[in-house]
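Undergrad: protein.cif is the file, holding mmCIF, C-alpha atoms and all ligand atoms:
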data_my_file
#
loop_
_atom_site.label_atom_id
_atom_site.label_comp_id
_atom_site.auth_asym_id
_atom_site.auth_seq_id
_atom_site.Cartn_x
_atom_site.Cartn_y
_atom_site.Cartn_z
CA MET A 1 0.00 0.00 0.00
CA SER A 2 1.51 3.32 -1.04
CA PRO A 3 1.87 5.88 1.76
CA ARG A 4 0.11 9.19 1.14
CA ASN A 5 2.74 10.92 3.18
CA TRP A 6 6.20 9.79 2.16
CA ARG A 7 8.69 10.27 4.96
CA VAL A 8 12.11 10.90 3.50
CA GLY A 9 15.45 10.56 5.26
CA VAL A 10 18.16 12.74 3.74
CA ALA A 11 21.81 11.88 4.41
CA GLY A 12 24.29 14.55 3.30
CA LEU A 13 23.52 18.25 3.55
CA GLY A 14 26.06 19.74 1.13
CA THR A 15 25.19 21.64 -2.04
CA VAL A 16 22.64 19.10 -3.32
CA GLY A 17 21.18 18.32 0.12
CA ALA A 18 20.60 22.03 0.68
CA GLY A 19 18.97 22.32 -2.73
CA LEU A 20 16.67 19.36 -2.00
CA LEU A 21 15.56 20.57 1.42
CA THR A 22 14.82 24.00 0.00
CA PHE A 23 12.78 22.46 -2.83
CA LEU A 24 10.81 20.10 -0.55
CA SER A 25 9.99 22.87 1.90
CA GLU A 26 8.57 24.93 -0.97
CA ARG A 27 6.85 22.12 -2.93
CA PRO A 28 5.92 19.18 -0.63
CA GLY A 29 3.09 18.06 -2.95
CA PHE A 30 5.10 18.26 -6.18
CA ALA A 31 4.83 14.63 -7.27
CA PRO A 32 2.35 13.66 -10.02
CA ALA A 33 1.30 10.59 -8.02
CA GLY A 34 -0.15 12.92 -5.37
CA GLY A 35 0.58 12.68 -1.67
CA GLN A 36 3.06 14.66 0.33
CA VAL A 37 6.77 14.39 0.93
CA THR A 38 8.09 15.32 4.34
CA VAL A 39 11.65 15.13 5.57
CA SER A 40 11.53 12.94 8.67
CA GLY A 41 15.24 12.89 9.45
CA VAL A 42 18.61 14.20 8.32
CA SER A 43 22.22 13.24 8.80
CA ALA A 44 25.48 14.99 7.89
CA ARG A 45 29.07 15.16 9.07
CA SER A 46 28.60 18.28 11.14
CA ARG A 47 25.42 19.30 12.91
CA SER A 48 26.60 22.78 13.78
CA ARG A 49 27.99 23.90 10.40
CA PRO A 50 26.27 27.10 9.21
CA ARG A 51 23.65 26.28 6.58
CA PRO A 52 21.38 28.39 4.38
CA PHE A 53 18.30 26.69 5.92
CA ASP A 54 17.05 25.79 9.37
CA ILE A 55 17.44 22.14 10.42
CA SER A 56 16.46 22.65 14.06
CA GLY A 57 12.96 21.20 13.49
CA LEU A 58 14.28 18.06 11.78
CA ARG A 59 15.24 14.88 13.61
CA TRP A 60 19.02 14.60 13.55
CA PHE A 61 20.94 11.32 13.15
CA ASP A 62 24.69 11.21 13.77
CA ASP A 63 24.84 7.92 11.88
CA PRO A 64 23.42 7.77 8.32
CA VAL A 65 22.98 3.99 8.69
CA ALA A 66 20.63 4.56 11.65
CA LEU A 67 18.74 7.11 9.53
CA ALA A 68 18.47 4.60 6.66
CA GLN A 69 17.07 1.97 9.06
CA SER A 70 14.75 4.28 10.98
CA ASP A 71 11.08 3.27 11.21
CA GLU A 72 10.27 6.89 10.45
CA VAL A 73 11.85 6.73 7.00
CA ASP A 74 9.96 5.32 3.97
CA LEU A 75 12.49 6.47 1.37
CA PHE A 76 16.20 7.06 1.85
CA VAL A 77 18.03 9.79 -0.08
CA GLU A 78 21.82 9.48 -0.10
CA LEU A 79 23.71 12.70 -0.88
CA ILE A 80 26.88 12.01 1.09
CA GLY A 81 29.07 11.09 -1.86
CA GLY A 82 32.07 8.78 -2.14
CA SER A 83 32.20 5.24 -3.45
CA ASP A 84 32.60 3.58 -0.06
CA GLY A 85 32.38 4.48 3.60
CA PRO A 86 29.18 5.87 5.11
CA ALA A 87 27.42 6.39 1.75
CA LYS A 88 27.72 2.73 0.78
CA ALA A 89 26.94 1.45 4.28
CA ALA A 90 23.80 3.58 4.49
CA VAL A 91 22.52 2.65 1.01
CA GLU A 92 23.06 -1.04 1.75
CA ALA A 93 21.27 -0.68 5.09
CA ALA A 94 18.30 1.03 3.46
CA LEU A 95 17.99 -1.59 0.70
CA LYS A 96 18.33 -4.46 3.16
CA ALA A 97 15.56 -2.85 5.22
CA GLY A 98 13.39 -2.89 2.06
CA LYS A 99 13.45 0.87 1.51
CA PRO A 100 13.64 2.60 -1.85
CA VAL A 101 16.84 4.57 -2.36
CA VAL A 102 17.50 7.72 -4.39
CA THR A 103 21.12 8.80 -4.71
CA ALA A 104 23.20 11.39 -6.57
CA ASN A 105 26.35 9.36 -5.95
CA LYS A 106 28.06 8.54 -9.25
CA ALA A 107 31.13 6.97 -7.62
CA LEU A 108 28.96 4.58 -5.62
CA ILE A 109 26.89 3.45 -8.62
CA ALA A 110 29.87 3.22 -11.01
CA GLU A 111 31.92 1.15 -8.57
CA HIS A 112 29.28 -0.90 -6.74
CA GLY A 113 26.21 -0.59 -8.97
CA ALA A 114 25.78 -4.29 -9.72
CA GLU A 115 25.87 -5.45 -6.10
CA LEU A 116 23.54 -2.64 -5.01
CA ALA A 117 21.19 -3.47 -7.89
CA ALA A 118 21.10 -7.08 -6.67
CA LEU A 119 20.16 -5.90 -3.17
CA ALA A 120 17.46 -3.56 -4.52
CA GLU A 121 15.99 -6.22 -6.78
CA ALA A 122 16.01 -8.84 -4.01
CA ALA A 123 14.06 -6.40 -1.84
CA GLY A 124 11.78 -5.40 -4.75
CA VAL A 125 12.50 -1.68 -4.27
CA PRO A 126 13.81 0.97 -6.65
CA LEU A 127 17.37 2.27 -6.61
CA LEU A 128 17.39 5.49 -8.63
CA PHE A 129 20.26 7.83 -9.53
CA GLU A 130 19.18 10.40 -12.12
CA ALA A 131 21.24 13.10 -10.39
CA ALA A 132 24.41 11.04 -10.66
CA VAL A 133 24.90 11.89 -14.35
CA MET A 134 24.57 15.40 -15.83
CA GLY A 135 22.96 16.78 -12.66
CA GLY A 136 19.52 18.02 -13.59
CA THR A 137 19.68 17.13 -17.28
CA PRO A 138 17.80 13.84 -17.73
CA ALA A 139 20.46 11.56 -19.19
CA VAL A 140 19.81 8.48 -17.05
CA LYS A 141 16.06 8.42 -17.69
CA MET A 142 16.67 9.00 -21.38
CA VAL A 143 18.96 5.99 -21.73
CA ARG A 144 17.16 3.72 -19.25
CA GLU A 145 13.58 4.49 -20.20
CA ALA A 146 13.14 6.47 -23.39
CA MET A 147 15.73 4.49 -25.38
CA VAL A 148 14.66 1.05 -24.23
CA GLY A 149 13.24 0.38 -27.70
CA ASP A 150 16.51 1.13 -29.41
CA ASP A 151 20.02 -0.29 -29.44
CA VAL A 152 22.53 2.33 -28.44
CA ARG A 153 25.70 2.22 -30.53
CA SER A 154 27.74 4.99 -29.01
CA ILE A 155 27.65 7.75 -26.44
CA SER A 156 29.93 10.79 -26.37
CA GLY A 157 29.58 13.49 -23.83
CA ILE A 158 30.90 16.37 -21.85
CA LEU A 159 30.04 15.09 -18.41
CA ASN A 160 32.10 17.25 -16.08
CA GLY A 161 31.13 20.89 -15.72
CA THR A 162 34.31 21.86 -13.90
CA CYS A 163 36.56 20.62 -16.71
CA ASN A 164 34.36 22.20 -19.35
CA PHE A 165 34.46 25.49 -17.47
CA ILE A 166 38.25 25.31 -17.14
CA LEU A 167 38.81 24.56 -20.84
CA SER A 168 36.33 27.24 -21.95
CA GLU A 169 37.83 29.91 -19.72
CA MET A 170 41.39 29.00 -20.71
CA GLU A 171 40.44 29.38 -24.37
CA GLN A 172 38.36 32.53 -24.07
CA GLY A 173 40.31 34.42 -21.47
CA GLY A 174 43.76 32.97 -21.97
CA ARG A 175 43.66 32.23 -18.24
CA ALA A 176 45.86 29.81 -16.35
CA PHE A 177 44.53 26.39 -15.34
CA GLU A 178 44.90 26.91 -11.55
CA ASP A 179 43.18 30.29 -11.63
CA VAL A 180 40.09 28.90 -13.41
CA LEU A 181 39.94 25.83 -11.16
CA ALA A 182 39.85 28.09 -8.09
CA GLU A 183 36.90 29.95 -9.63
CA ALA A 184 35.07 26.66 -10.38
CA GLN A 185 35.48 25.73 -6.70
CA ARG A 186 34.09 29.09 -5.61
CA LEU A 187 31.10 28.63 -7.93
CA GLY A 188 30.32 25.20 -6.42
CA TYR A 189 30.87 23.10 -9.60
CA ALA A 190 33.94 21.25 -8.40
CA GLU A 191 33.91 18.18 -6.19
CA ALA A 192 35.18 18.39 -2.60
CA ASP A 193 38.35 16.79 -3.98
CA PRO A 194 38.88 18.60 -7.31
CA THR A 195 41.27 15.91 -8.55
CA MET A 196 38.09 13.87 -9.11
CA ASP A 197 37.12 16.51 -11.68
CA VAL A 198 40.40 17.51 -13.31
CA GLY A 199 41.77 13.96 -13.27
CA GLY A 200 38.75 12.81 -15.32
CA PHE A 201 37.44 10.40 -12.64
CA ASP A 202 34.10 12.15 -12.14
CA ALA A 203 33.37 11.97 -15.88
CA ALA A 204 34.59 8.35 -15.85
CA HIS A 205 32.10 7.43 -13.14
CA LYS A 206 29.31 9.01 -15.18
CA ILE A 207 30.16 7.38 -18.51
CA THR A 208 30.54 4.02 -16.74
CA ILE A 209 26.95 4.36 -15.53
CA LEU A 210 25.62 5.39 -18.94
CA ALA A 211 27.50 2.54 -20.62
CA ALA A 212 26.01 0.02 -18.19
CA LEU A 213 22.50 1.33 -18.83
CA ALA A 214 22.95 1.51 -22.59
CA PHE A 215 24.64 -1.85 -23.07
CA ASN A 216 22.96 -3.82 -20.22
CA CYS A 217 26.29 -4.50 -18.57
CA ALA A 218 27.31 -4.46 -14.95
CA PRO A 219 29.07 -1.12 -14.38
CA ASP A 220 32.82 -1.71 -14.49
CA PHE A 221 34.70 1.42 -13.50
CA ALA A 222 38.05 -0.37 -13.64
CA ALA A 223 37.56 -0.98 -17.37
CA CYS A 224 37.30 2.75 -18.10
CA GLU A 225 40.48 4.39 -19.42
CA VAL A 226 40.87 7.80 -17.81
CA GLU A 227 42.89 10.90 -18.62
CA GLY A 228 41.98 14.31 -17.25
CA VAL A 229 42.52 17.92 -18.28
CA ASP A 230 45.39 18.63 -15.91
CA GLN A 231 47.96 18.23 -18.70
CA VAL A 232 46.13 20.37 -21.26
CA GLU A 233 48.15 23.48 -22.07
CA LEU A 234 47.02 26.82 -23.42
CA LEU A 235 49.38 26.23 -26.33
CA ASP A 236 47.40 23.13 -27.38
CA ILE A 237 44.08 24.90 -27.00
CA ARG A 238 45.34 27.62 -29.38
CA MET A 239 47.00 25.28 -31.87
CA ALA A 240 43.93 23.03 -31.99
CA LYS A 241 41.74 26.05 -32.71
CA ASP A 242 43.98 27.09 -35.57
CA LEU A 243 43.39 23.63 -37.03
CA GLY A 244 39.59 23.98 -36.66
CA TYR A 245 39.08 22.09 -33.39
CA ARG A 246 38.20 22.78 -29.76
CA ILE A 247 39.67 20.66 -26.97
CA LYS A 248 36.98 19.11 -24.77
CA LEU A 249 37.09 16.44 -22.10
CA ILE A 250 35.08 13.75 -23.90
CA ALA A 251 33.67 10.73 -22.13
CA SER A 252 32.74 8.02 -24.60
CA ALA A 253 31.28 4.54 -24.66
CA GLU A 254 31.06 2.49 -27.78
CA ARG A 255 29.88 -1.02 -28.53
CA SER A 256 31.24 -3.00 -31.43
CA ASP A 257 31.51 -6.67 -32.32
CA GLU A 258 34.83 -6.69 -30.46
CA GLY A 259 33.44 -5.45 -27.16
CA VAL A 260 32.76 -2.31 -25.22
CA SER A 261 35.12 0.64 -25.11
CA VAL A 262 34.66 3.18 -22.30
CA ARG A 263 37.09 6.05 -21.93
CA VAL A 264 37.57 9.65 -20.87
CA HIS A 265 40.23 11.89 -22.36
CA PRO A 266 40.83 15.35 -23.78
CA SER A 267 39.80 15.21 -27.43
CA LEU A 268 39.73 17.54 -30.39
CA VAL A 269 36.17 18.23 -31.50
CA PRO A 270 35.45 20.06 -34.80
CA LEU A 271 34.47 23.65 -33.95
CA ALA A 272 31.06 23.37 -35.63
CA HIS A 273 30.05 20.19 -33.73
CA PRO A 274 27.37 20.68 -31.01
CA LEU A 275 29.74 19.22 -28.40
CA ALA A 276 32.29 21.91 -29.27
CA GLN A 277 29.62 24.57 -28.85
CA ALA A 278 28.72 23.55 -25.27
CA GLY A 279 30.76 26.06 -23.30
CA GLY A 280 31.16 27.13 -19.69
CA ALA A 281 30.04 24.61 -17.09
CA LEU A 282 27.43 23.05 -19.40
CA ASN A 283 27.18 19.30 -19.87
CA ALA A 284 26.22 17.81 -23.23
CA LEU A 285 25.54 14.33 -24.54
CA PHE A 286 25.49 12.90 -28.01
CA ILE A 287 23.92 9.44 -28.38
CA GLU A 288 23.69 7.34 -31.49
CA GLY A 289 20.98 4.71 -31.57
CA GLN A 290 20.39 2.16 -34.27
CA ARG A 291 16.79 3.25 -34.81
CA LEU A 292 16.62 6.77 -33.38
CA GLY A 293 19.78 7.96 -35.06
CA ARG A 294 21.53 10.85 -33.37
CA ILE A 295 20.23 12.55 -30.24
CA PHE A 296 21.79 15.56 -28.56
CA ILE A 297 20.96 16.96 -25.13
CA GLN A 298 22.63 19.75 -23.25
CA GLY A 299 22.08 21.35 -19.85
CA ALA A 300 23.19 22.00 -16.32
CA GLY A 301 25.37 19.21 -14.96
CA ALA A 302 26.00 20.60 -11.50
CA GLY A 303 24.71 23.08 -8.97
CA ALA A 304 22.21 22.89 -6.11
CA ALA A 305 18.89 23.59 -7.82
CA PRO A 306 19.36 21.54 -11.05
CA THR A 307 20.78 18.53 -9.21
CA ALA A 308 18.07 18.68 -6.54
CA ALA A 309 15.48 18.76 -9.35
CA ALA A 310 16.83 15.41 -10.58
CA VAL A 311 16.69 13.94 -7.05
CA ALA A 312 13.09 15.19 -6.74
CA ALA A 313 12.20 13.56 -10.09
CA ASP A 314 13.48 10.24 -8.73
CA ILE A 315 11.47 10.69 -5.52
CA ALA A 316 8.40 11.23 -7.72
CA ASP A 317 9.19 7.98 -9.57
CA VAL A 318 9.41 6.09 -6.27
CA MET A 319 6.01 7.48 -5.33
CA THR A 320 4.45 6.08 -8.49
CA GLN A 321 5.64 2.64 -7.33
CA ALA A 322 7.12 1.59 -10.66
CA VAL A 323 10.00 -0.78 -9.96
CA ARG A 324 12.16 -1.82 -12.88
CA PRO A 325 15.54 -3.53 -12.97
CA VAL A 326 18.24 -1.03 -12.03
CA PHE A 327 20.32 -1.54 -15.19
CA GLN A 328 17.53 -2.62 -17.57
CA ARG A 329 18.09 -6.35 -16.98
CA PRO A 330 17.91 -8.19 -13.64
CA ALA A 331 21.25 -7.82 -11.84
CA THR A 332 21.86 -11.56 -12.11
CA GLU A 333 21.63 -11.39 -15.91
CA LEU A 334 23.91 -8.42 -16.59
CA ALA A 335 26.72 -9.06 -19.03
CA ALA A 336 30.32 -8.20 -18.19
CA PHE A 337 32.06 -5.39 -20.09
CA THR A 338 34.27 -6.94 -22.74
CA PRO A 339 37.02 -4.36 -23.22
CA VAL A 340 38.18 -3.98 -26.82
CA ASP A 341 41.71 -4.87 -27.80
CA ARG A 342 43.43 -1.46 -27.93
CA SER A 343 46.19 -2.68 -30.22
CA ARG A 344 43.54 -3.10 -32.90
CA SER A 345 41.62 0.13 -32.45
CA LEU A 346 42.07 3.00 -34.87
CA VAL A 347 42.38 6.69 -34.05
CA ARG A 348 42.92 10.02 -35.71
CA ALA A 349 45.30 12.00 -33.59
CA TYR A 350 46.78 15.40 -32.84
CA LEU A 351 50.49 15.42 -32.09
CA ARG A 352 52.26 18.49 -30.72
CA LEU A 353 56.01 18.69 -30.42
CA LEU A 354 58.27 21.33 -28.99
CA VAL A 355 61.48 21.22 -30.98
CA LYS A 356 64.74 23.09 -31.42
CA ASP A 357 64.53 25.48 -34.34
CA GLU A 358 67.13 23.82 -36.57
CA PRO A 359 67.25 22.32 -40.07
CA GLY A 360 66.00 18.80 -40.67
CA VAL A 361 63.72 18.43 -37.64
CA ILE A 362 60.46 18.37 -39.59
CA ALA A 363 61.97 15.99 -42.12
CA ALA A 364 63.05 13.62 -39.32
CA VAL A 365 59.59 13.66 -37.73
CA SER A 366 57.89 13.03 -41.10
CA GLU A 367 60.31 10.23 -41.88
CA THR A 368 59.67 8.45 -38.58
CA LEU A 369 55.92 8.67 -39.13
CA ALA A 370 56.22 7.53 -42.75
CA GLU A 371 58.35 4.54 -41.73
CA ALA A 372 55.65 3.53 -39.24
CA GLY A 373 52.97 3.90 -41.91
CA VAL A 374 51.34 6.92 -40.20
CA SER A 375 49.78 9.26 -42.74
CA ILE A 376 49.87 13.00 -41.92
CA GLU A 377 46.61 14.86 -42.57
CA SER A 378 47.68 18.42 -41.69
CA PHE A 379 50.79 20.14 -40.43
CA LEU A 380 51.28 23.46 -38.64
CA GLN A 381 54.33 25.27 -37.42
CA LYS A 382 53.74 28.59 -35.77
CA PRO A 383 56.12 30.79 -33.86
CA VAL A 384 54.68 31.26 -30.38
CA GLU A 385 55.95 33.92 -28.00
CA ASP A 386 57.36 32.68 -24.71
CA ALA A 387 57.51 29.04 -25.84
CA GLU A 388 60.74 27.25 -24.91
CA GLY A 389 61.12 25.93 -28.45
CA VAL A 390 59.19 25.93 -31.68
CA PRO A 391 55.86 24.14 -31.47
CA ILE A 392 54.95 21.98 -34.42
CA VAL A 393 51.61 20.30 -34.64
CA LEU A 394 50.27 17.68 -36.95
CA THR A 395 47.12 15.64 -37.29
CA THR A 396 47.08 12.10 -38.63
CA HIS A 397 44.73 10.08 -40.74
CA SER A 398 43.23 7.01 -39.10
CA VAL A 399 45.96 4.81 -37.63
CA SER A 400 46.32 1.95 -35.15
CA GLU A 401 46.79 3.30 -31.62
CA ALA A 402 49.64 0.89 -30.99
CA VAL A 403 51.51 1.85 -34.19
CA LEU A 404 51.10 5.54 -33.43
CA ALA A 405 52.31 5.12 -29.84
CA GLN A 406 55.48 3.38 -31.06
CA ALA A 407 56.18 6.10 -33.63
CA VAL A 408 55.66 8.85 -31.04
CA GLU A 409 58.05 7.10 -28.68
CA ARG A 410 60.71 7.16 -31.38
CA ILE A 411 60.04 10.83 -32.12
CA ALA A 412 60.31 11.64 -28.40
CA GLY A 413 63.84 10.22 -28.43
CA HIS A 414 65.01 12.59 -31.21
CA PRO A 415 67.68 15.00 -29.86
CA ALA A 416 65.85 18.04 -31.29
CA VAL A 417 62.65 17.25 -29.35
CA ILE A 418 62.91 19.26 -26.14
CA LYS A 419 59.76 18.19 -24.29
CA ALA A 420 57.59 15.06 -24.15
CA PRO A 421 55.27 15.06 -27.20
CA ARG A 422 51.61 15.76 -26.56
CA LEU A 423 49.26 13.29 -28.19
CA MET A 424 45.47 13.72 -28.18
CA ARG A 425 42.72 11.94 -30.00
CA ILE A 426 40.45 13.62 -32.50
CA ALA A 427 36.92 12.74 -31.39
CA ARG A 428 35.14 10.18 -33.55
CA ILE A 429 31.73 11.84 -33.61
N1 LIG B 501 31.93 18.20 -10.04
C1 LIG B 501 30.90 17.83 -10.95
C2 LIG B 501 31.09 18.63 -12.22
C3 LIG B 501 29.55 18.12 -10.32
O1 LIG B 501 31.93 19.53 -12.26
O2 LIG B 501 30.44 18.33 -13.21
C4 LIG B 501 28.45 17.23 -10.77
O3 LIG B 501 28.72 15.87 -10.73
#
Could I get this structure in the form of structure tokens?
TA:
Amino acid sequence: MSPRNWRVGVAGLGTVGAGLLTFLSERPGFAPAGGQVTVSGVSARSRSRPRPFDISGLRWFDDPVALAQSDEVDLFVELIGGSDGPAKAAVEAALKAGKPVVTANKALIAEHGAELAALAEAAGVPLLFEAAVMGGTPAVKMVREAMVGDDVRSISGILNGTCNFILSEMEQGGRAFEDVLAEAQRLGYAEADPTMDVGGFDAAHKITILAALAFNCAPDFAACEVEGVDQVELLDIRMAKDLGYRIKLIASAERSDEGVSVRVHPSLVPLAHPLAQAGGALNALFIEGQRLGRIFIQGAGAGAAPTAAAVAADIADVMTQAVRPVFQRPATELAAFTPVDRSRSLVRAYLRLLVKDEPGVIAAVSETLAEAGVSIESFLQKPVEDAEGVPIVLTTHSVSEAVLAQAVERIAGHPAVIKAPRLMRIARI
């Protein structure tokens, strides 16, 4: 029997928790199924920390597990964050107690999604995580529900607002990486530990979840190749633009006959492509389905109000009592990711070298590439003020990743090359 008054326990009162409590206090009867939502208990690390809302009237729990198990909680909302520790313990406790769970925790779902799905399905309760990917922009529901009649082929997205903000500001304002990161932290986009953002791990968690939903696999974070934006230099942003590209942190998942490829890395995107146009802290997602063709969505991927809106949408789904398998198939029937053999995959690449300005360097680089069978598509040498050497940049035609890596290693050993070469993929979109 569905309660008319849903008593919600909220663990974690950071940016998203604050956004949710504000929303629920203003709109307790928001759900289409009718009924009311009241917050019956809260838990956070510090009770006394100053907050933009009053928690004195709410029952306080020091331990989120006790909140999850409380008889006064019908639905548990986990906004603590982190793949393990109290977040995982509390979600497990809630599911074992037969309570529906709504979470915004991408690390938890990407790293433990299959085991939590098994717990939820054994208890016959929903485990929902719309807010875990793209904040308030409905990516999870789109893949899990709206695309259930299609076969997704590939997903490419900008899934981390902080990195997108950093790259956009570096390009537009010529600003330094550290300066823009500090601003992203002030604006509340960045994670508590910003290495999760700039190292690419946050985007990797999100694409792991989307890949699992799209390809009916158990999420396998360890299979995701990850490279962040911390090594992207202003020089590359400028050179890429001269060649007609914008550097974006692209998270991609692709299924082929060989397996599933899930990766996050800085990529060159043609300037006219919608993903290149998504600037600032925006998130954007490009999905290719066998029947639907290409779909593009774009929106807020972080921030209190948009992320809380996604949590509220999941609460509304719980209230309608629809329970479906967490990853489209029962947890016991999920396939394993079959990573593709990288030595056989093909890429188009951007290669930037910093070389001594002396005769024969370009010829030596071209010769090494030609010997390896790497075909050059375009070539650019541009004097850049303040650079230690002369930057030369080239893009390649499609080539095996392994062959290219070997050729670049040989080029790196050339005495005229004064800094490690910078290799980036050109996005296949
Ligand atoms: N730190 C994340 C971002 C917030 O920058 O996108 C939402 O997951």
Undergrad: In terms of the shortest atom-to-atom distance over only C-alpha atoms and all ligand atoms, which of A:Phe30, A:Trp60, A:Tyr189, A:Phe165 is closest to ligand LIG 501 (chain B)?
TA: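 Between A:Phe30, A:Trp60, A:Tyr189, A:Phe165, the residue approaching ligand LIG 501 (chain B) most closely is A:Tyr189.
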Undergrad: Using only C-alpha atoms, which residue out of A:Ile109, A:Ala87, A:Ala336, A:Ala146 lies closest to Leu128 of chain A?
TA: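 Checking each candidate against Leu128 of chain A, we get A:Ile109 as the closest.
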Undergrad: Of the candidates A:Ile209, A:Ile155, A:Val365, A:Leu187, which shows the shortest atom-to-atom distance to Phe286 of chain A, using all atoms listed in the file?
TA: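 Closest residue, counting all atoms listed in the file: A:Ile155.
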Undergrad: Box along x, y and z, 6 Å on every side, all listed atoms of ligand LIG 501 (chain B) inside: centre and edge lengths in Å to one decimal, as AutoDock Vina command-line options.
TA:
--center_x 30.2 --center_y 17.7 --center_z -11.6 --size_x 15.5 --size_y 15.7 --size_z 15.2
Undergrad: Counting all atoms listed in the file, which protein, DNA or RNA residues come within 7 Å of ligand LIG 501 (chain B), given as a PyMOL selection string?
TA: chain A and resi 132-135+159-163+189-191+197+202+301-302
Undergrad: Using only C-alpha atoms, which protein or nucleic acid residues come within 7 Å of Ala416 of chain A? Drop anything in the same chain fewer than 5 positions from it, and give the result as number ranges by chain.
TA: A: 355-356, 361
Undergrad: Do you have the atom CA of Ala322 of chain A-atom CA of Glu78 of chain A distance handy?
TA: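 Going from atom CA of Ala322 of chain A over to atom CA of Glu78 of chain A covers 19.7 Å.
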Undergrad: For a quick check of understanding, using all atoms listed in the file, which of A:Ser40, A:Thr137, A:Gln321, A:Gln381 has the smallest distance to Ala240 of chain A?
TA: A:Gln381
Undergrad: Can you build me a table of segment 129-209 of chain A residues sitting at most 7 Å from segment 95-104 of chain A, with the closest atom pair per residue and its distance in Å to one decimal, using only C-alpha atoms, sorted by chain and residue number, as a Markdown table?
TA:
| residue | atom | partner | partner_atom | distance |
| --- | --- | --- | --- | --- |
| A:Phe129 | CA | A:Thr103 | CA | 5.0 |
| A:Glu130 | CA | A:Ala104 | CA | 6.9 |
| A:Ala131 | CA | A:Ala104 | CA | 4.6 |
| A:Ala132 | CA | A:Ala104 | CA | 4.3 |
Undergrad: Quick one: pull the distance between atom CA of Ala310 of chain A and atom CA of Arg27 of chain A, Å, one decimal.
TA: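 A separation of 14.3 Å between them.
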Undergrad: Please identify every residue of segment 197-236 of chain A that has at least one atom no farther than 12 Å from an atom of segment 384-407 of chain A, counting all atoms listed in the file, and for each give the shortest atom pair and the distance in Å to one decimal, arranged by chain then increasing number, as a Markdown table.
TA:
| residue | atom | partner | partner_atom | distance |
| --- | --- | --- | --- | --- |
| A:Glu233 | CA | A:Ala387 | CA | 11.5 |
| A:Leu234 | CA | A:Ala387 | CA | 11.0 |
| A:Leu235 | CA | A:Val384 | CA | 8.4 |
| A:Asp236 | CA | A:Val393 | CA | 8.9 |
Undergrad: With all atoms listed in the file as the basis for distance, which of A:Gly57, A:Gly85, A:Gly188, A:Pro219 is at the shortest distance from Ala110 of chain A?
TA: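 Using all atoms listed in the file, the shortest distance to Ala110 of chain A belongs to A:Pro219.
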Undergrad: In Å to one decimal, how far is atom CA of Trp6 of chain A from atom CA of Ala66 of chain A?
TA: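 Distance between the two atoms: 18.0 Å.
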Undergrad: Restricting the calculation to all atoms listed in the file: of A:Val326, A:Ala331, A:Val374, A:Ile418, which residue gets closest to Leu354 of chain A?
TA: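 That would be A:Ile418, the residue with the smallest distance to Leu354 of chain A.
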Undergrad: In the coordinates of the file, take the point (20.9, 15.0, -22.3) and a cut-off of 12 Å; then, counting all atoms listed in the file, name each qualifying protein, DNA or RNA residue as an NGL selection string.
TA: :A and (130 or 133-143 or 146 or 155-159 or 210 or 275 or 278 or 282-287 or 294-301)
Undergrad: Which residues are near segment 255-257 of chain A? Cut-off 8 Å, all atoms listed in the file, ignore same chain within fewer than 5 positions. Put them as a list of chain:residue names.
TA: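 Near segment 255-257 of chain A, the qualifying residues are A:Arg153, A:Ser154, A:Phe215.
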Undergrad: Please list, as a PDB file with C-alpha atoms, in the frame of the given file, the residues that have an atom at most 6 Å away from (42.7, 28.0, -24.9) in the coordinates of this file, counting only C-alpha atoms.
TA:
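Wrote selection-v6.pdb, looks like this:
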ATOM      1  CA  MET A 170      41.390  29.000 -20.710  1.00  0.00           C
ATOM      2  CA  GLU A 171      40.440  29.380 -24.370  1.00  0.00           C
ATOM      3  CA  GLY A 174      43.760  32.970 -21.970  1.00  0.00           C
ATOM      4  CA  LEU A 234      47.020  26.820 -23.420  1.00  0.00           C
ATOM      5  CA  ILE A 237      44.080  24.900 -27.000  1.00  0.00           C
ATOM      6  CA  ARG A 238      45.340  27.620 -29.380  1.00  0.00           C
TER       7      ARG A 238
END
Undergrad: Some atoms are missing, so please complete segment 121-127 of chain A with N, CA and C atoms and return it as a compact mmCIF listing (two decimals), in the coordinates of the input.
TA:
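Okay, this is what ended up in part-v3.txt:
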# COMPACT_ATOMS: atom_id res chain seq x y z
N GLU A 121 16.92 -5.32 -6.09
CA GLU A 121 15.99 -6.22 -6.78
C GLU A 121 15.53 -7.35 -5.86
N ALA A 122 16.42 -7.80 -4.97
CA ALA A 122 16.01 -8.84 -4.01
C ALA A 122 14.93 -8.29 -3.08
N ALA A 123 15.04 -7.00 -2.75
CA ALA A 123 14.06 -6.40 -1.84
C ALA A 123 12.82 -5.90 -2.60
N GLY A 124 12.91 -5.87 -3.93
CA GLY A 124 11.78 -5.40 -4.75
C GLY A 124 11.54 -3.90 -4.62
N VAL A 125 12.64 -3.14 -4.40
CA VAL A 125 12.50 -1.68 -4.27
C VAL A 125 13.37 -0.97 -5.31
N PRO A 126 12.99 0.25 -5.68
CA PRO A 126 13.81 0.97 -6.65
C PRO A 126 15.10 1.52 -6.06
N LEU A 127 16.11 1.59 -6.92
CA LEU A 127 17.37 2.27 -6.61
C LEU A 127 17.59 3.23 -7.78
